[in-house]
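Pasting protein-v1.cif here (mmCIF, C-alpha atoms and all ligand atoms):
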```
data_input
#
loop_
_atom_site.label_atom_id
_atom_site.label_comp_id
_atom_site.auth_asym_id
_atom_site.auth_seq_id
_atom_site.Cartn_x
_atom_site.Cartn_y
_atom_site.Cartn_z
CA MET A 225 -317.98 -46.58 -74.71
CA SER A 226 -315.33 -48.82 -76.15
CA ILE A 227 -315.65 -52.56 -76.23
CA PHE A 228 -312.94 -52.77 -73.55
CA ASN A 229 -314.97 -50.66 -71.17
CA PHE A 230 -317.88 -52.90 -71.84
CA PHE A 231 -315.96 -55.90 -70.59
CA ARG A 232 -314.58 -54.02 -67.60
CA ALA A 233 -317.89 -52.51 -66.63
CA ALA A 234 -318.98 -55.44 -64.47
CA PRO A 235 -315.97 -57.56 -63.55
CA ARG A 236 -317.85 -59.26 -60.73
CA ALA A 237 -320.42 -60.61 -63.08
CA SER A 238 -318.31 -62.55 -65.54
CA ALA A 239 -317.58 -65.61 -63.39
CA VAL A 240 -321.24 -65.68 -62.36
CA GLN A 241 -322.28 -65.58 -65.98
CA ALA A 242 -319.82 -68.34 -66.81
CA LYS A 243 -321.41 -70.55 -64.19
CA GLU A 244 -324.96 -69.84 -65.30
CA ARG A 245 -324.17 -70.44 -68.96
CA LEU A 246 -322.45 -73.71 -68.15
CA GLN A 247 -325.31 -74.92 -66.00
CA ILE A 248 -327.83 -74.32 -68.75
CA VAL A 249 -325.89 -75.74 -71.67
CA MET A 250 -324.70 -78.75 -69.73
CA ALA A 251 -328.12 -79.66 -68.42
CA HIS A 252 -329.20 -79.94 -72.05
CA GLU A 253 -326.11 -81.81 -73.16
CA ARG A 254 -326.44 -84.35 -70.37
CA ALA A 255 -330.08 -84.94 -71.20
CA GLY A 256 -329.35 -85.27 -74.92
CA ARG A 257 -326.51 -87.74 -74.46
CA SER A 258 -328.76 -90.74 -74.13
CA GLY A 259 -330.80 -90.23 -77.26
CA PRO A 260 -329.75 -89.58 -80.85
CA ASP A 261 -329.70 -86.09 -82.22
CA TYR A 262 -333.24 -85.80 -83.53
CA LEU A 263 -333.10 -82.31 -85.00
CA PRO A 264 -331.88 -83.24 -88.49
CA MET A 265 -334.58 -85.90 -88.76
CA LEU A 266 -337.22 -83.57 -87.46
CA GLN A 267 -336.22 -81.00 -90.04
CA GLN A 268 -336.39 -83.49 -92.89
CA GLU A 269 -339.76 -84.81 -91.91
CA LEU A 270 -341.21 -81.35 -91.43
CA LEU A 271 -339.97 -80.37 -94.85
CA ALA A 272 -341.41 -83.49 -96.42
CA VAL A 273 -344.84 -82.73 -94.97
CA ILE A 274 -344.83 -79.11 -96.07
CA ALA A 275 -343.48 -79.96 -99.50
CA LYS A 276 -346.62 -82.01 -100.08
CA TYR A 277 -348.63 -78.82 -100.12
CA VAL A 278 -346.30 -76.02 -101.23
CA ASN A 279 -343.26 -75.70 -103.35
CA ILE A 280 -340.41 -74.82 -100.98
CA ASP A 281 -336.82 -73.91 -101.53
CA GLU A 282 -334.57 -75.98 -99.26
CA ASN A 283 -332.22 -73.03 -98.88
CA LYS A 284 -334.94 -70.95 -97.34
CA VAL A 285 -335.50 -73.10 -94.34
CA GLU A 286 -334.11 -71.96 -91.03
CA VAL A 287 -334.11 -74.06 -87.90
CA LYS A 288 -333.19 -72.27 -84.70
CA LEU A 289 -332.88 -73.63 -81.23
CA ASP A 290 -332.60 -71.60 -78.07
CA ARG A 291 -331.77 -73.64 -75.02
CA GLY A 292 -333.10 -71.95 -71.93
CA GLY A 293 -332.99 -72.81 -68.25
CA ASP A 294 -336.67 -73.73 -67.84
CA CYS A 295 -337.78 -74.13 -71.42
CA SER A 296 -336.30 -74.24 -74.86
CA THR A 297 -337.76 -72.94 -78.07
CA LEU A 298 -337.47 -74.54 -81.43
CA GLU A 299 -338.14 -72.13 -84.25
CA VAL A 300 -338.65 -73.36 -87.77
CA ASN A 301 -338.83 -70.66 -90.42
CA ILE A 302 -339.84 -71.68 -93.89
CA GLU A 303 -340.05 -69.03 -96.51
CA LEU A 304 -342.90 -69.78 -98.87
CA PRO A 305 -342.72 -68.45 -102.43
CA ALA A 306 -345.13 -65.57 -103.05
CA ARG A 307 -345.91 -66.90 -106.49
CA GLU A 308 -344.64 -69.91 -108.35
CA GLN A 309 -343.44 -67.47 -110.98
CA ALA A 310 -341.11 -65.63 -108.67
CA LYS A 311 -339.36 -68.80 -107.79
CA ALA A 312 -338.95 -69.83 -111.39
CA ALA A 313 -337.34 -66.47 -112.20
CA ALA A 314 -334.85 -66.75 -109.35
CA THR A 315 -333.56 -70.11 -110.40
CA ALA A 316 -333.68 -69.64 -114.17
CA LYS A 317 -330.86 -67.11 -114.58
CA PRO A 318 -327.58 -68.64 -113.48
CA GLY A 319 -325.70 -65.34 -113.86
CA ASP A 320 -327.72 -63.63 -111.15
CA LYS A 321 -326.94 -63.86 -107.49
CA PRO A 322 -328.93 -66.77 -106.24
CA ALA A 323 -331.19 -65.47 -103.52
CA GLY A 324 -330.52 -66.72 -100.02
CA ASN A 325 -326.90 -67.23 -100.89
CA ASP A 326 -325.60 -63.74 -100.27
CA ASP A 327 -322.69 -64.91 -98.19
CA ALA A 328 -321.12 -66.87 -100.97
CA ALA A 329 -321.65 -64.01 -103.37
CA ALA A 330 -319.98 -61.49 -101.08
CA LYS A 331 -316.93 -63.67 -100.69
CA ARG A 332 -316.41 -63.91 -104.41
CA PRO A 333 -313.31 -61.84 -105.22
CA ALA A 334 -314.42 -60.76 -108.71
CA GLY A 335 -316.64 -57.74 -109.36
CA GLY A 336 -317.70 -54.43 -107.80
CA ALA A 337 -317.08 -53.21 -104.31
CA VAL A 338 -315.56 -56.34 -102.90
CA GLY A 339 -312.88 -56.49 -105.54
CA ASN A 340 -311.98 -52.82 -105.02
CA ALA A 341 -311.59 -53.20 -101.32
CA GLY A 342 -309.21 -56.05 -101.91
CA ALA A 343 -307.17 -53.96 -104.33
CA LYS A 344 -306.88 -51.06 -101.88
CA LYS A 345 -305.49 -53.30 -99.20
CA ARG A 346 -302.74 -54.51 -101.47
CA ILE A 347 -301.36 -51.02 -102.19
CA MET B 319 -302.43 -106.30 -59.59
CA SER B 320 -301.90 -102.67 -60.25
CA LYS B 321 -304.32 -99.81 -60.29
CA ILE B 322 -304.74 -98.04 -63.60
CA ILE B 323 -305.24 -94.27 -63.44
CA VAL B 324 -306.04 -92.03 -66.39
CA MET B 325 -305.25 -88.32 -66.39
CA THR B 326 -307.85 -86.93 -68.75
CA SER B 327 -309.71 -83.73 -69.65
CA GLY B 328 -311.13 -83.58 -73.14
CA LYS B 329 -309.57 -80.18 -73.69
CA GLY B 330 -305.90 -79.72 -74.54
CA GLY B 331 -303.39 -77.57 -72.70
CA VAL B 332 -305.08 -77.77 -69.31
CA GLY B 333 -302.23 -79.53 -67.52
CA LYS B 334 -302.65 -83.29 -68.05
CA THR B 335 -299.01 -83.94 -68.87
CA THR B 336 -297.79 -81.63 -66.10
CA SER B 337 -300.11 -83.42 -63.68
CA SER B 338 -299.20 -86.90 -64.92
CA ALA B 339 -295.51 -86.21 -64.39
CA ALA B 340 -296.13 -84.73 -60.96
CA PHE B 341 -298.51 -87.45 -59.84
CA ALA B 342 -296.41 -90.36 -61.01
CA THR B 343 -293.40 -88.85 -59.27
CA GLY B 344 -295.41 -88.26 -56.10
CA LEU B 345 -296.62 -91.87 -56.01
CA ALA B 346 -293.09 -93.17 -56.55
CA LEU B 347 -291.75 -90.86 -53.82
CA ARG B 348 -294.16 -92.53 -51.44
CA GLY B 349 -292.74 -95.91 -52.28
CA PHE B 350 -295.16 -97.17 -54.91
CA LYS B 351 -293.69 -98.67 -58.03
CA THR B 352 -295.18 -96.46 -60.71
CA VAL B 353 -295.07 -96.22 -64.47
CA VAL B 354 -296.41 -93.28 -66.45
CA ILE B 355 -297.40 -93.90 -70.06
CA ASP B 356 -297.65 -91.26 -72.78
CA PHE B 357 -300.77 -91.92 -74.89
CA ASP B 358 -300.33 -88.80 -76.99
CA VAL B 359 -299.03 -90.67 -80.03
CA GLY B 360 -297.45 -88.31 -82.53
CA LEU B 361 -297.06 -85.49 -80.02
CA ARG B 362 -294.64 -86.94 -77.54
CA ASN B 363 -294.09 -84.57 -74.60
CA LEU B 364 -294.10 -86.50 -71.37
CA ASP B 365 -290.44 -87.44 -71.92
CA LEU B 366 -289.51 -83.74 -71.98
CA VAL B 367 -291.50 -82.88 -68.89
CA MET B 368 -289.95 -85.87 -67.11
CA GLY B 369 -286.49 -84.96 -68.37
CA CYS B 370 -285.72 -88.27 -70.07
CA GLU B 371 -286.04 -87.20 -73.72
CA ARG B 372 -282.46 -88.08 -74.55
CA ARG B 373 -282.84 -91.62 -73.35
CA VAL B 374 -285.76 -92.67 -75.54
CA VAL B 375 -284.83 -95.56 -77.82
CA PHE B 376 -287.96 -97.65 -78.16
CA ASP B 377 -291.48 -96.59 -77.35
CA PHE B 378 -294.99 -97.75 -76.43
CA ILE B 379 -295.95 -98.32 -80.08
CA ASN B 380 -292.83 -100.40 -80.73
CA VAL B 381 -293.92 -102.61 -77.86
CA ILE B 382 -297.50 -102.86 -79.13
CA ASN B 383 -296.20 -103.84 -82.56
CA GLY B 384 -293.77 -106.39 -81.14
CA GLU B 385 -290.79 -104.42 -82.44
CA ALA B 386 -289.29 -104.09 -78.96
CA LYS B 387 -289.61 -105.71 -75.57
CA LEU B 388 -291.38 -103.83 -72.82
CA ASN B 389 -288.27 -103.60 -70.66
CA GLN B 390 -286.34 -102.15 -73.59
CA ALA B 391 -288.83 -99.33 -73.91
CA LEU B 392 -289.31 -98.58 -70.21
CA ILE B 393 -287.10 -95.75 -68.98
CA LYS B 394 -286.11 -95.79 -65.35
CA ASP B 395 -286.08 -92.35 -63.77
CA LYS B 396 -282.60 -91.27 -62.70
CA ARG B 397 -283.71 -89.30 -59.67
CA ILE B 398 -286.40 -91.43 -58.13
CA GLU B 399 -286.46 -95.05 -57.24
CA ASN B 400 -289.60 -96.90 -58.37
CA LEU B 401 -290.44 -94.48 -61.19
CA TYR B 402 -290.59 -95.50 -64.85
CA ILE B 403 -291.66 -93.76 -68.03
CA LEU B 404 -293.06 -95.39 -71.13
CA PRO B 405 -292.69 -92.79 -73.87
CA THR B 406 -294.76 -92.74 -77.01
CA SER B 407 -293.93 -92.60 -80.68
CA GLN B 408 -293.45 -89.31 -82.46
CA THR B 409 -293.82 -90.67 -85.95
CA ARG B 410 -296.83 -92.97 -85.84
CA ASP B 411 -300.39 -91.89 -85.37
CA LYS B 412 -303.10 -92.83 -82.95
CA ASP B 413 -304.36 -95.71 -85.09
CA ALA B 414 -301.34 -97.60 -83.81
CA LEU B 415 -303.14 -97.83 -80.48
CA THR B 416 -305.17 -101.00 -80.85
CA ARG B 417 -307.26 -102.13 -77.92
CA GLU B 418 -305.60 -105.56 -77.92
CA GLY B 419 -302.14 -104.01 -78.10
CA VAL B 420 -302.80 -101.60 -75.25
CA GLU B 421 -304.35 -104.37 -73.17
CA LYS B 422 -301.34 -106.61 -73.70
CA VAL B 423 -298.91 -103.94 -72.54
CA LEU B 424 -301.07 -102.97 -69.54
CA ASN B 425 -301.38 -106.62 -68.50
CA GLU B 426 -297.65 -107.06 -68.61
CA LEU B 427 -297.06 -103.86 -66.60
CA SER B 428 -299.72 -104.96 -64.14
CA LYS B 429 -297.59 -107.82 -62.90
CA ASP B 430 -294.85 -105.48 -61.84
CA PHE B 431 -296.26 -102.10 -60.89
CA ASP B 432 -298.48 -100.71 -58.16
CA TYR B 433 -299.73 -97.85 -60.30
CA ILE B 434 -300.02 -97.38 -64.04
CA LEU B 435 -300.71 -93.76 -64.92
CA CYS B 436 -301.99 -92.99 -68.41
CA ASP B 437 -301.41 -89.48 -69.74
CA SER B 438 -304.28 -88.91 -72.14
CA PRO B 439 -304.11 -86.80 -75.29
CA ALA B 440 -306.73 -84.11 -75.84
CA GLY B 441 -309.97 -84.86 -77.62
CA ILE B 442 -312.31 -87.81 -77.45
CA GLU B 443 -310.86 -89.78 -80.36
CA ARG B 444 -308.94 -93.03 -80.35
CA GLY B 445 -305.93 -91.86 -78.31
CA ALA B 446 -308.07 -90.45 -75.53
CA LEU B 447 -310.46 -93.41 -75.64
CA MET B 448 -307.65 -95.94 -75.42
CA SER B 449 -306.02 -94.10 -72.51
CA LEU B 450 -309.22 -94.23 -70.48
CA TYR B 451 -310.65 -97.56 -71.63
CA PHE B 452 -308.87 -99.79 -69.09
CA ALA B 453 -308.86 -97.26 -66.24
CA ASP B 454 -309.94 -98.06 -62.70
CA HIS B 455 -309.70 -94.45 -61.67
CA ALA B 456 -309.89 -91.17 -63.57
CA ILE B 457 -308.40 -87.86 -62.58
CA ILE B 458 -310.26 -85.16 -64.44
CA VAL B 459 -307.94 -82.23 -65.07
CA THR B 460 -309.96 -79.05 -65.44
CA ASN B 461 -309.19 -75.35 -65.64
CA PRO B 462 -311.65 -72.88 -64.11
CA GLU B 463 -312.86 -71.81 -67.52
CA VAL B 464 -316.07 -72.53 -69.46
CA SER B 465 -314.75 -74.68 -72.30
CA SER B 466 -312.59 -76.80 -70.04
CA VAL B 467 -315.47 -77.46 -67.65
CA ARG B 468 -317.78 -78.42 -70.47
CA ASP B 469 -315.20 -80.75 -72.04
CA SER B 470 -314.59 -82.36 -68.66
CA ASP B 471 -318.27 -83.12 -68.44
CA ARG B 472 -318.13 -84.72 -71.87
CA ILE B 473 -315.25 -86.90 -70.76
CA LEU B 474 -317.16 -87.93 -67.64
CA GLY B 475 -319.96 -89.05 -69.95
CA VAL B 476 -317.49 -91.05 -72.04
CA LEU B 477 -316.01 -92.69 -68.93
CA ASN B 478 -319.47 -93.71 -67.83
CA SER B 479 -320.44 -95.20 -71.16
CA ARG B 480 -317.41 -96.27 -73.15
CA SER B 481 -314.80 -97.48 -70.67
CA ARG B 482 -314.17 -101.17 -70.13
CA ARG B 483 -315.84 -100.98 -66.74
CA ALA B 484 -318.94 -99.41 -68.26
CA GLU B 485 -319.08 -101.82 -71.18
CA GLN B 486 -318.69 -104.86 -68.99
CA GLY B 487 -321.10 -103.62 -66.33
CA LEU B 488 -318.42 -103.58 -63.62
CA GLU B 489 -318.03 -101.06 -60.81
CA PRO B 490 -317.79 -97.67 -62.53
CA VAL B 491 -314.48 -95.90 -62.99
CA THR B 492 -313.97 -93.76 -59.89
CA GLN B 493 -313.53 -90.08 -60.69
CA GLN B 494 -311.89 -87.13 -59.00
CA LEU B 495 -311.41 -83.53 -60.02
CA LEU B 496 -308.01 -81.87 -60.22
CA LEU B 497 -308.61 -78.18 -60.75
CA THR B 498 -305.45 -76.67 -62.20
CA ARG B 499 -304.18 -73.20 -63.09
CA TYR B 500 -306.36 -71.75 -60.38
CA ASP B 501 -305.81 -68.09 -59.72
CA PRO B 502 -307.33 -67.13 -56.34
CA GLU B 503 -306.85 -63.43 -57.03
CA ARG B 504 -308.88 -63.54 -60.20
CA VAL B 505 -311.47 -65.65 -58.44
CA GLU B 506 -311.76 -63.01 -55.76
CA LYS B 507 -312.27 -60.36 -58.41
CA GLY B 508 -315.09 -62.42 -59.87
CA GLU B 509 -313.20 -63.06 -63.09
CA MET B 510 -312.72 -66.77 -62.67
CA LEU B 511 -314.96 -69.66 -61.68
CA LYS B 512 -314.62 -70.65 -58.02
CA VAL B 513 -313.68 -74.16 -56.90
CA ASP B 514 -317.20 -74.55 -55.56
CA ASP B 515 -318.76 -73.49 -58.86
CA VAL B 516 -316.84 -76.15 -60.76
CA LEU B 517 -317.61 -78.77 -58.13
CA GLU B 518 -321.28 -77.93 -58.24
CA ILE B 519 -321.37 -78.26 -62.01
CA LEU B 520 -319.28 -81.40 -62.44
CA ALA B 521 -320.47 -83.06 -59.22
CA ILE B 522 -317.41 -85.23 -58.59
CA PRO B 523 -315.14 -85.24 -55.53
CA LEU B 524 -312.24 -82.80 -55.37
CA LEU B 525 -308.75 -84.26 -55.41
CA GLY B 526 -306.87 -81.01 -55.43
CA VAL B 527 -306.53 -77.41 -56.56
CA ILE B 528 -303.26 -76.56 -58.27
CA PRO B 529 -302.59 -72.82 -58.38
CA GLU B 530 -301.41 -71.03 -61.48
CA SER B 531 -297.69 -70.93 -60.87
CA GLN B 532 -294.54 -69.81 -62.60
CA ALA B 533 -292.81 -72.80 -61.09
CA VAL B 534 -294.55 -75.07 -63.64
CA LEU B 535 -292.79 -73.50 -66.60
CA ARG B 536 -289.49 -73.39 -64.77
CA ALA B 537 -289.82 -77.07 -63.96
CA SER B 538 -290.66 -78.08 -67.52
CA ASN B 539 -287.77 -75.99 -68.81
CA VAL B 540 -285.37 -78.21 -66.95
CA GLY B 541 -287.26 -81.48 -67.27
CA MET B 542 -288.15 -81.81 -63.63
CA PRO B 543 -291.66 -82.74 -62.49
CA VAL B 544 -292.90 -79.69 -60.56
CA ILE B 545 -293.72 -81.80 -57.50
CA LEU B 546 -289.96 -81.95 -56.88
CA ASP B 547 -289.93 -78.17 -56.47
CA GLU B 548 -290.76 -78.27 -52.81
CA VAL B 549 -290.86 -74.56 -52.29
CA SER B 550 -293.38 -73.84 -55.02
CA ASN B 551 -297.10 -73.65 -54.35
CA ALA B 552 -297.84 -75.86 -57.34
CA GLY B 553 -295.36 -78.50 -56.15
CA LEU B 554 -296.85 -78.51 -52.66
CA ALA B 555 -300.39 -78.63 -54.04
CA TYR B 556 -299.52 -81.68 -56.16
CA SER B 557 -297.93 -83.31 -53.14
CA ASP B 558 -301.11 -82.74 -51.13
CA ALA B 559 -303.20 -84.15 -53.97
CA VAL B 560 -301.15 -87.33 -54.06
CA GLY B 561 -301.62 -87.66 -50.30
CA ARG B 562 -305.38 -87.25 -50.67
CA PHE B 563 -305.41 -89.77 -53.48
CA LEU B 564 -303.84 -92.26 -51.07
CA GLY B 565 -306.54 -91.54 -48.54
CA GLU B 566 -304.91 -88.95 -46.32
CA ASP B 567 -307.01 -86.14 -44.98
CA ILE B 568 -305.25 -82.98 -46.10
CA GLU B 569 -306.75 -79.52 -46.11
CA HIS B 570 -306.79 -77.57 -49.38
CA ARG B 571 -304.23 -74.80 -49.62
CA PHE B 572 -303.70 -71.99 -52.12
CA VAL B 573 -307.40 -71.49 -52.78
CA THR B 574 -307.54 -67.97 -51.34
CA PRO B 575 -305.26 -65.06 -52.25
CA GLN B 576 -302.09 -64.99 -50.25
CA LYS B 577 -301.47 -61.93 -48.15
CA LYS B 578 -298.81 -60.08 -49.97
CA GLY B 579 -296.40 -58.06 -47.91
CA LEU B 580 -293.34 -56.75 -49.65
CA PHE B 581 -291.30 -59.41 -47.95
CA SER B 582 -293.38 -62.38 -49.08
CA ARG B 583 -293.53 -60.90 -52.56
CA LEU B 584 -289.78 -60.93 -52.73
CA LEU B 585 -289.71 -64.43 -51.34
CA ARG B 586 -292.20 -65.65 -53.86
CA ARG B 587 -290.29 -64.17 -56.69
CA SER B 588 -287.13 -65.98 -55.72
CA ALA B 589 -288.94 -69.23 -54.88
N1 LIG C 1 -300.47 -74.79 -62.58
C1 LIG C 1 -299.96 -74.24 -63.69
N2 LIG C 1 -299.48 -72.98 -63.67
C2 LIG C 1 -298.96 -72.40 -64.78
N3 LIG C 1 -298.84 -73.03 -65.96
C3 LIG C 1 -299.29 -74.30 -66.06
C4 LIG C 1 -299.87 -74.97 -64.95
N4 LIG C 1 -300.23 -76.22 -65.35
C5 LIG C 1 -299.88 -76.32 -66.64
N5 LIG C 1 -299.31 -75.17 -67.08
C6 LIG C 1 -298.81 -74.89 -68.43
O1 LIG C 1 -299.85 -75.15 -69.35
C7 LIG C 1 -299.34 -75.68 -70.56
C8 LIG C 1 -300.06 -76.97 -70.91
O2 LIG C 1 -299.76 -77.96 -69.94
P1 LIG C 1 -299.74 -79.50 -70.30
O3 LIG C 1 -299.47 -80.22 -69.02
O4 LIG C 1 -298.83 -79.77 -71.44
O5 LIG C 1 -301.25 -79.70 -70.74
P2 LIG C 1 -301.96 -80.92 -71.53
O6 LIG C 1 -301.10 -82.14 -71.33
O7 LIG C 1 -303.30 -81.02 -70.87
O8 LIG C 1 -302.06 -80.51 -72.95
C9 LIG C 1 -297.86 -75.86 -70.34
O9 LIG C 1 -297.19 -74.79 -70.95
C10 LIG C 1 -297.69 -75.83 -68.84
O10 LIG C 1 -296.44 -75.35 -68.48
MG MG C 2 -300.30 -83.53 -72.78
#
```

Encoding of this model in structure tokens:
Amino acid sequence: MSIFNFFRAAPRASAVQAKERLQIVMAHERAGRSGPDYLPMLQQELLAVIAKYVNIDENKVEVKLDRGGDCSTLEVNIELPAREQAKAAATAKPGDKPAGNDDAAAKRPAGGAVGNAGAKKRI
Amino acid sequence: MSKIIVMTSGKGGVGKTTSSAAFATGLALRGFKTVVIDFDVGLRNLDLVMGCERRVVFDFINVINGEAKLNQALIKDKRIENLYILPTSQTRDKDALTREGVEKVLNELSKDFDYILCDSPAGIERGALMSLYFADHAIIVTNPEVSSVRDSDRILGVLNSRSRRAEQGLEPVTQQLLLTRYDPERVEKGEMLKVDDVLEILAIPLLGVIPESQAVLRASNVGMPVILDEVSNAGLAYSDAVGRFLGEDIEHRFVTPQKKGLFSRLLRRSA
């Protein structure tokens, strides 16, 4: 099934979905308008507390929010180092891909597969 | 004392300028002395839609800066008695819109006009804020589409918290919805939000529904507010909306698909 068929499969539903999505997101936005955005502060404070006990890498913290109709979930994922040693190794060698930063590495034009793909396109 | 109306939406390209031109013209046609002001500094367009682009000498910003007198910048419409346009600058940016400057110009216009209609730029930055700050009434221009509805809700929040009326604890800015580019056929197919859906979500009174119409482009091509196209659905819908704004009880038209016989199809095409 092509992506076009997917969109055509249920034409009746799309306006209904639009309405439902709007109702949910806007209920949250209206409620949040009065107060300040607390998520960045919450994240900082959580990190500060955890950092008291374990050594954490700031790049390995993931905060996810899923706004639902009846309830929302806030998910905080903090990757803890298996051993102190492992962490030291990852940060010591600047030439290596820094872990948790794969996106930036993939975008770099130089080197292996990525560079080749770029060259092919140009021909 | 005049009534200040802002035509606003948050989102761009939903029909604010089209609606401002139509509404101002409609009010003037009914005998009210009306001025329509372009607040979209840097992206002047109202003059084109109103068909007076070749007559712009001085603009709103010149008046704010004391570089020109208000009556030098006001352009009197050639077709309609009682209708004036205050164009904006193409070269300055929105920082030129100071609250004091805008207030001064609005106060001066107030002495002379029944209605001052402010055509807001998109966004919620200075230009949009200044266009709504002094408003007594807001017409929220919305398309039946998720991002437009959400942005309209944002603007309603701004009107209720950052307008002069809100800041000074006066009667709130009254608000009405103008749902534009409505396509009843797509609504019937379930592809587009219904009038009632949008009303339920935004919870403000309905001023009018303007159908998606080829007449709008034709009108802007020639610099004629579409309300003057009296055979087009969009023109008639704007006319009805102006009537409702003035308190008349007019039923909504063009919200259900029109029965299309071959004959009416031909008629519509030539209309
Ligand atoms: N009812 C309508 N039917 C068809 N096209 C429309 C309608 N209303 C507006 N448009 C078109 O949408 C575009 C944006 O309109 P405009 O009034 O400039 O929006 P805004 O001022 O909100 O940016 C224009 O090309 C205009 O011709
Ligand atoms: Mg505009």

inquiry  = 8 Å from ligand LIG 1 (chain C) is the threshold here; counting all atoms listed in the file, which polymer residues fall inside it? Answer as a count of residues only.
reply    = 31

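Take atom CA of B:Leu524 and atom CA of B:Leu496: the distance between them is 6.5 Å.
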
request  = Please return, as a list of chain:residue names, all polymer residues that have at least one atom within 12 Å of the point (-323.6, -72.1, -69.6); use only C-alpha atoms and the file's own coordinate frame.
outcome  = A:Ser238, A:Ala239, A:Val240, A:Gln241, A:Ala242, A:Lys243, A:Glu244, A:Arg245, A:Leu246, A:Gln247, A:Ile248, A:Val249, A:Met250, A:Ala251, A:His252, A:Glu253, A:Arg291, A:Gly292, A:Gly293, B:Glu463, B:Val464, B:Ser465, B:Ser466, B:Val467, B:Arg468, B:Leu511, B:Asp515, B:Val516, B:Ile519

task = For stretch 282-286 of chain A, please output as a ChimeraX atom specification all residues within 6 Å (counting all atoms listed in the file; exclusion window: fewer than 3 positions along the same chain).
result = /A:300-303

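When atom CA of B:Gly541 is paired with atom CA of B:Gly344, their separation reads 15.4 Å.
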
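The shell of residues at most 10 Å from B:Lys422, with all atoms listed in the file counted and near chain neighbours (fewer than 5 positions) removed, consists of Val381, Ile382, Thr416, Arg417, Leu427 and Ser428 of chain B.
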
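Computed from the coordinates, the atom CA of B:Ala386 to atom CA of B:Val423 distance equals 11.6 Å.
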
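When the distance limit is 6 Å and all atoms listed in the file are what count, the residues near stretch 556-572 of chain B, minus those fewer than 6 positions from it on the same chain, are Leu525, Gly526 and Ile545 of chain B.
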
remark   = Using all atoms listed in the file, the shortest atom-to-atom distance to chain A among B:Ala537, B:Leu554, B:Ile522, B:Leu474 belongs to B:Leu474

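Using only C-alpha atoms for every distance, the candidate list B:Asp471, B:Glu489, B:Asp395, B:Asp547 yields B:Asp471 as the residue closest to chain A.
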